[in-house]
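Enquirer: Data file start.txt (compact mmCIF, N, CA and C atoms) is appended below.
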# COMPACT_ATOMS: atom_id res chain seq x y z
N MET A 30 4.83 12.50 11.01
CA MET A 30 5.94 11.62 10.71
C MET A 30 6.64 12.14 9.46
N SER A 31 7.95 12.16 9.49
CA SER A 31 8.75 12.67 8.38
C SER A 31 9.49 11.51 7.70
N PHE A 32 9.44 11.50 6.37
CA PHE A 32 10.12 10.46 5.59
C PHE A 32 11.17 11.10 4.70
N SER A 33 12.26 10.39 4.46
CA SER A 33 13.25 10.83 3.49
C SER A 33 12.65 10.68 2.09
N PRO A 34 13.25 11.32 1.06
CA PRO A 34 12.70 11.16 -0.30
C PRO A 34 12.58 9.70 -0.74
N THR A 35 13.56 8.86 -0.39
CA THR A 35 13.49 7.44 -0.76
C THR A 35 12.34 6.77 -0.04
N GLN A 36 12.19 7.03 1.24
CA GLN A 36 11.10 6.42 2.01
C GLN A 36 9.75 6.88 1.47
N GLN A 37 9.65 8.15 1.06
CA GLN A 37 8.39 8.65 0.52
C GLN A 37 8.05 7.91 -0.77
N HIS A 38 9.06 7.66 -1.59
CA HIS A 38 8.83 6.95 -2.85
C HIS A 38 8.26 5.55 -2.57
N TYR A 39 8.92 4.78 -1.71
CA TYR A 39 8.43 3.44 -1.40
C TYR A 39 7.10 3.50 -0.67
N HIS A 40 6.93 4.46 0.22
CA HIS A 40 5.68 4.57 0.96
C HIS A 40 4.52 4.82 0.00
N ALA A 41 4.75 5.69 -0.99
CA ALA A 41 3.69 6.01 -1.95
C ALA A 41 3.29 4.80 -2.77
N LEU A 42 4.21 3.90 -3.00
CA LEU A 42 3.91 2.71 -3.80
C LEU A 42 3.43 1.54 -2.95
N GLY A 43 3.28 1.76 -1.66
CA GLY A 43 2.86 0.67 -0.79
C GLY A 43 4.01 -0.25 -0.43
N GLY A 44 5.25 0.16 -0.71
CA GLY A 44 6.41 -0.68 -0.47
C GLY A 44 6.65 -1.00 0.98
N VAL A 45 6.25 -0.11 1.88
CA VAL A 45 6.47 -0.36 3.31
C VAL A 45 5.78 -1.65 3.72
N ARG A 46 4.65 -1.94 3.12
CA ARG A 46 3.92 -3.17 3.42
C ARG A 46 4.75 -4.40 3.08
N PHE A 47 5.47 -4.35 1.96
CA PHE A 47 6.22 -5.51 1.49
C PHE A 47 7.70 -5.47 1.88
N ILE A 48 8.29 -4.28 1.90
CA ILE A 48 9.71 -4.17 2.17
C ILE A 48 9.97 -4.06 3.66
N GLY A 49 9.11 -3.38 4.37
CA GLY A 49 9.29 -3.17 5.80
C GLY A 49 10.08 -1.91 6.07
N SER A 50 10.10 -1.53 7.30
CA SER A 50 10.84 -0.35 7.70
C SER A 50 11.38 -0.59 9.09
N PRO A 51 12.64 -0.78 9.34
CA PRO A 51 13.71 -0.75 8.35
C PRO A 51 13.68 -1.99 7.46
N LYS A 52 14.35 -1.87 6.34
CA LYS A 52 14.35 -2.97 5.38
C LYS A 52 15.10 -4.18 5.93
N THR A 53 14.50 -5.33 5.81
CA THR A 53 15.08 -6.58 6.25
C THR A 53 15.08 -7.53 5.05
N PRO A 54 16.22 -8.12 4.71
CA PRO A 54 16.21 -9.06 3.58
C PRO A 54 15.23 -10.21 3.86
N MET A 55 14.33 -10.43 2.93
CA MET A 55 13.32 -11.47 3.07
C MET A 55 13.09 -12.14 1.72
N VAL A 56 12.56 -13.33 1.77
CA VAL A 56 12.11 -14.05 0.58
C VAL A 56 10.62 -14.28 0.76
N TRP A 57 9.85 -13.93 -0.25
CA TRP A 57 8.39 -14.10 -0.21
C TRP A 57 7.98 -15.21 -1.17
N ILE A 58 7.02 -15.99 -0.75
CA ILE A 58 6.38 -16.97 -1.63
C ILE A 58 5.02 -16.39 -2.01
N TYR A 59 4.84 -16.09 -3.28
CA TYR A 59 3.56 -15.55 -3.75
C TYR A 59 2.67 -16.69 -4.21
N GLU A 60 1.37 -16.51 -4.06
CA GLU A 60 0.39 -17.51 -4.47
C GLU A 60 -0.58 -16.89 -5.47
N LEU A 61 -0.95 -17.65 -6.49
CA LEU A 61 -1.91 -17.18 -7.48
C LEU A 61 -3.32 -17.39 -6.94
N VAL A 62 -4.03 -16.27 -6.72
CA VAL A 62 -5.38 -16.30 -6.18
C VAL A 62 -6.27 -15.48 -7.12
N ASP A 63 -7.25 -16.11 -7.73
CA ASP A 63 -8.17 -15.42 -8.64
C ASP A 63 -7.43 -14.60 -9.70
N GLN A 64 -6.50 -15.22 -10.38
CA GLN A 64 -5.74 -14.62 -11.48
C GLN A 64 -4.82 -13.48 -11.04
N GLU A 65 -4.54 -13.37 -9.74
CA GLU A 65 -3.64 -12.32 -9.24
C GLU A 65 -2.72 -12.92 -8.19
N TYR A 66 -1.44 -12.58 -8.28
CA TYR A 66 -0.49 -13.08 -7.30
C TYR A 66 -0.60 -12.29 -6.01
N GLN A 67 -0.72 -13.01 -4.90
CA GLN A 67 -0.82 -12.42 -3.57
C GLN A 67 0.37 -12.87 -2.74
N PRO A 68 0.91 -11.97 -1.91
CA PRO A 68 2.01 -12.40 -1.05
C PRO A 68 1.54 -13.44 -0.05
N GLY A 69 2.28 -14.51 0.05
CA GLY A 69 1.95 -15.56 1.00
C GLY A 69 2.92 -15.52 2.16
N GLN A 70 3.63 -16.62 2.37
CA GLN A 70 4.59 -16.69 3.46
C GLN A 70 5.83 -15.86 3.16
N SER A 71 6.42 -15.32 4.23
CA SER A 71 7.70 -14.64 4.10
C SER A 71 8.71 -15.37 4.97
N PHE A 72 9.95 -15.34 4.53
CA PHE A 72 11.02 -16.04 5.24
C PHE A 72 12.20 -15.09 5.40
N GLN A 73 12.84 -15.14 6.56
CA GLN A 73 13.98 -14.28 6.85
C GLN A 73 15.24 -15.12 6.98
N SER A 74 16.34 -14.42 7.13
CA SER A 74 17.64 -15.05 7.30
C SER A 74 17.59 -16.11 8.39
N GLY A 75 18.25 -17.24 8.13
CA GLY A 75 18.29 -18.32 9.10
C GLY A 75 17.16 -19.33 8.97
N GLN A 76 16.20 -19.07 8.09
CA GLN A 76 15.07 -19.98 7.92
C GLN A 76 15.25 -20.80 6.64
N ARG A 77 14.51 -21.91 6.59
CA ARG A 77 14.45 -22.72 5.37
C ARG A 77 13.16 -22.37 4.64
N LEU A 78 13.27 -22.32 3.33
CA LEU A 78 12.13 -22.02 2.48
C LEU A 78 11.17 -23.21 2.46
N ALA A 79 9.89 -22.93 2.58
CA ALA A 79 8.87 -23.97 2.47
C ALA A 79 7.86 -23.52 1.42
N SER A 80 7.80 -24.25 0.33
CA SER A 80 6.91 -23.90 -0.77
C SER A 80 5.70 -24.84 -0.78
N PRO A 81 4.48 -24.27 -0.80
CA PRO A 81 3.30 -25.13 -0.88
C PRO A 81 3.23 -25.91 -2.20
N ALA A 82 3.77 -25.33 -3.27
CA ALA A 82 3.74 -25.98 -4.57
C ALA A 82 4.83 -27.05 -4.73
N PHE A 83 5.95 -26.86 -4.01
CA PHE A 83 7.07 -27.79 -4.10
C PHE A 83 7.53 -28.17 -2.69
N PRO A 84 6.77 -29.01 -1.98
CA PRO A 84 7.10 -29.33 -0.60
C PRO A 84 8.44 -30.05 -0.43
N GLU A 85 8.93 -30.71 -1.48
CA GLU A 85 10.21 -31.41 -1.38
C GLU A 85 11.40 -30.47 -1.58
N LEU A 86 11.15 -29.23 -1.97
CA LEU A 86 12.20 -28.25 -2.20
C LEU A 86 12.82 -27.82 -0.87
N THR A 87 14.13 -27.89 -0.79
CA THR A 87 14.84 -27.43 0.41
C THR A 87 15.88 -26.40 0.02
N LEU A 88 15.61 -25.16 0.39
CA LEU A 88 16.54 -24.07 0.13
C LEU A 88 16.71 -23.25 1.41
N GLU A 89 17.94 -22.80 1.61
CA GLU A 89 18.23 -21.92 2.75
C GLU A 89 17.98 -20.49 2.29
N VAL A 90 17.25 -19.73 3.07
CA VAL A 90 16.96 -18.34 2.74
C VAL A 90 18.26 -17.54 2.61
N ASP A 91 19.24 -17.80 3.47
CA ASP A 91 20.51 -17.07 3.41
C ASP A 91 21.17 -17.21 2.04
N GLY A 92 21.10 -18.38 1.44
CA GLY A 92 21.68 -18.60 0.12
C GLY A 92 20.98 -17.78 -0.95
N ILE A 93 19.67 -17.69 -0.88
CA ILE A 93 18.90 -16.91 -1.85
C ILE A 93 19.22 -15.42 -1.70
N ILE A 94 19.27 -14.95 -0.46
CA ILE A 94 19.57 -13.54 -0.20
C ILE A 94 20.97 -13.20 -0.69
N GLU A 95 21.92 -14.08 -0.46
CA GLU A 95 23.31 -13.84 -0.90
C GLU A 95 23.39 -13.76 -2.42
N ILE A 96 22.67 -14.61 -3.13
CA ILE A 96 22.65 -14.55 -4.59
C ILE A 96 22.09 -13.22 -5.06
N GLY A 97 21.02 -12.75 -4.40
CA GLY A 97 20.42 -11.47 -4.75
C GLY A 97 21.35 -10.29 -4.54
N ARG A 98 22.18 -10.37 -3.52
CA ARG A 98 23.14 -9.28 -3.26
C ARG A 98 24.27 -9.27 -4.28
N ALA A 99 24.60 -10.41 -4.85
CA ALA A 99 25.72 -10.52 -5.78
C ALA A 99 25.40 -9.85 -7.11
N GLU A 100 24.13 -9.70 -7.44
CA GLU A 100 23.76 -9.14 -8.76
C GLU A 100 23.66 -7.68 -8.75
Represent the structure contained in this file as structure tokens.
Expert:
Amino acid sequence: MSFSPTQQHYHALGGVRFIGSPKTPMVWIYELVDQEYQPGQSFQSGQRLASPAFPELTLEVDGIIEIGRAE
């Protein structure tokens, strides 16, 4: 399998596990487990965010992704 220099960089850091290939905009909810944050649920475009810590929180994933693109 051949990777471009950018893909090799992310692959070496384990980014493919978190970013995916091809890259898809996602929002991850991380959870603190034994003093270390672990990736929990992931949400994609068109979904509503569900937080175990803040169940009353209602956010659209598309809005979060759009804010991230603006910066």
Enquirer: Grab the atom N of Pro81 in chain A to CA of Met55 in chain A distance for me, in Å with one decimal place.
Expert: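 Atom-to-atom, atom N of Pro81 in chain A to CA of Met55 in chain A, that is 16.0 Å.
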Enquirer: Using only C-alpha atoms, which residues sit within 7 Å of range 82-92 of chain A once same-chain residues fewer than 5 positions away are excluded, as a list of chain:residue names?
Expert: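 The neighbour list is A:Val56, A:Phe72, A:Gln73, A:Ser74, A:Gly75, A:Gln76, A:Arg77.
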Enquirer: Using atom N of Ser71 in chain A and atom C of Trp57 in chain A as the two end points, give the distance in Å to one decimal.
Expert: 5.6 Å
Enquirer: So the first atom is atom N of Glu65 in chain A and the second is CA of Ser80 in chain A; what is the distance between them in Å, to one decimal place?
Expert: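 Going from atom N of Glu65 in chain A over to CA of Ser80 in chain A, I get 18.0 Å.
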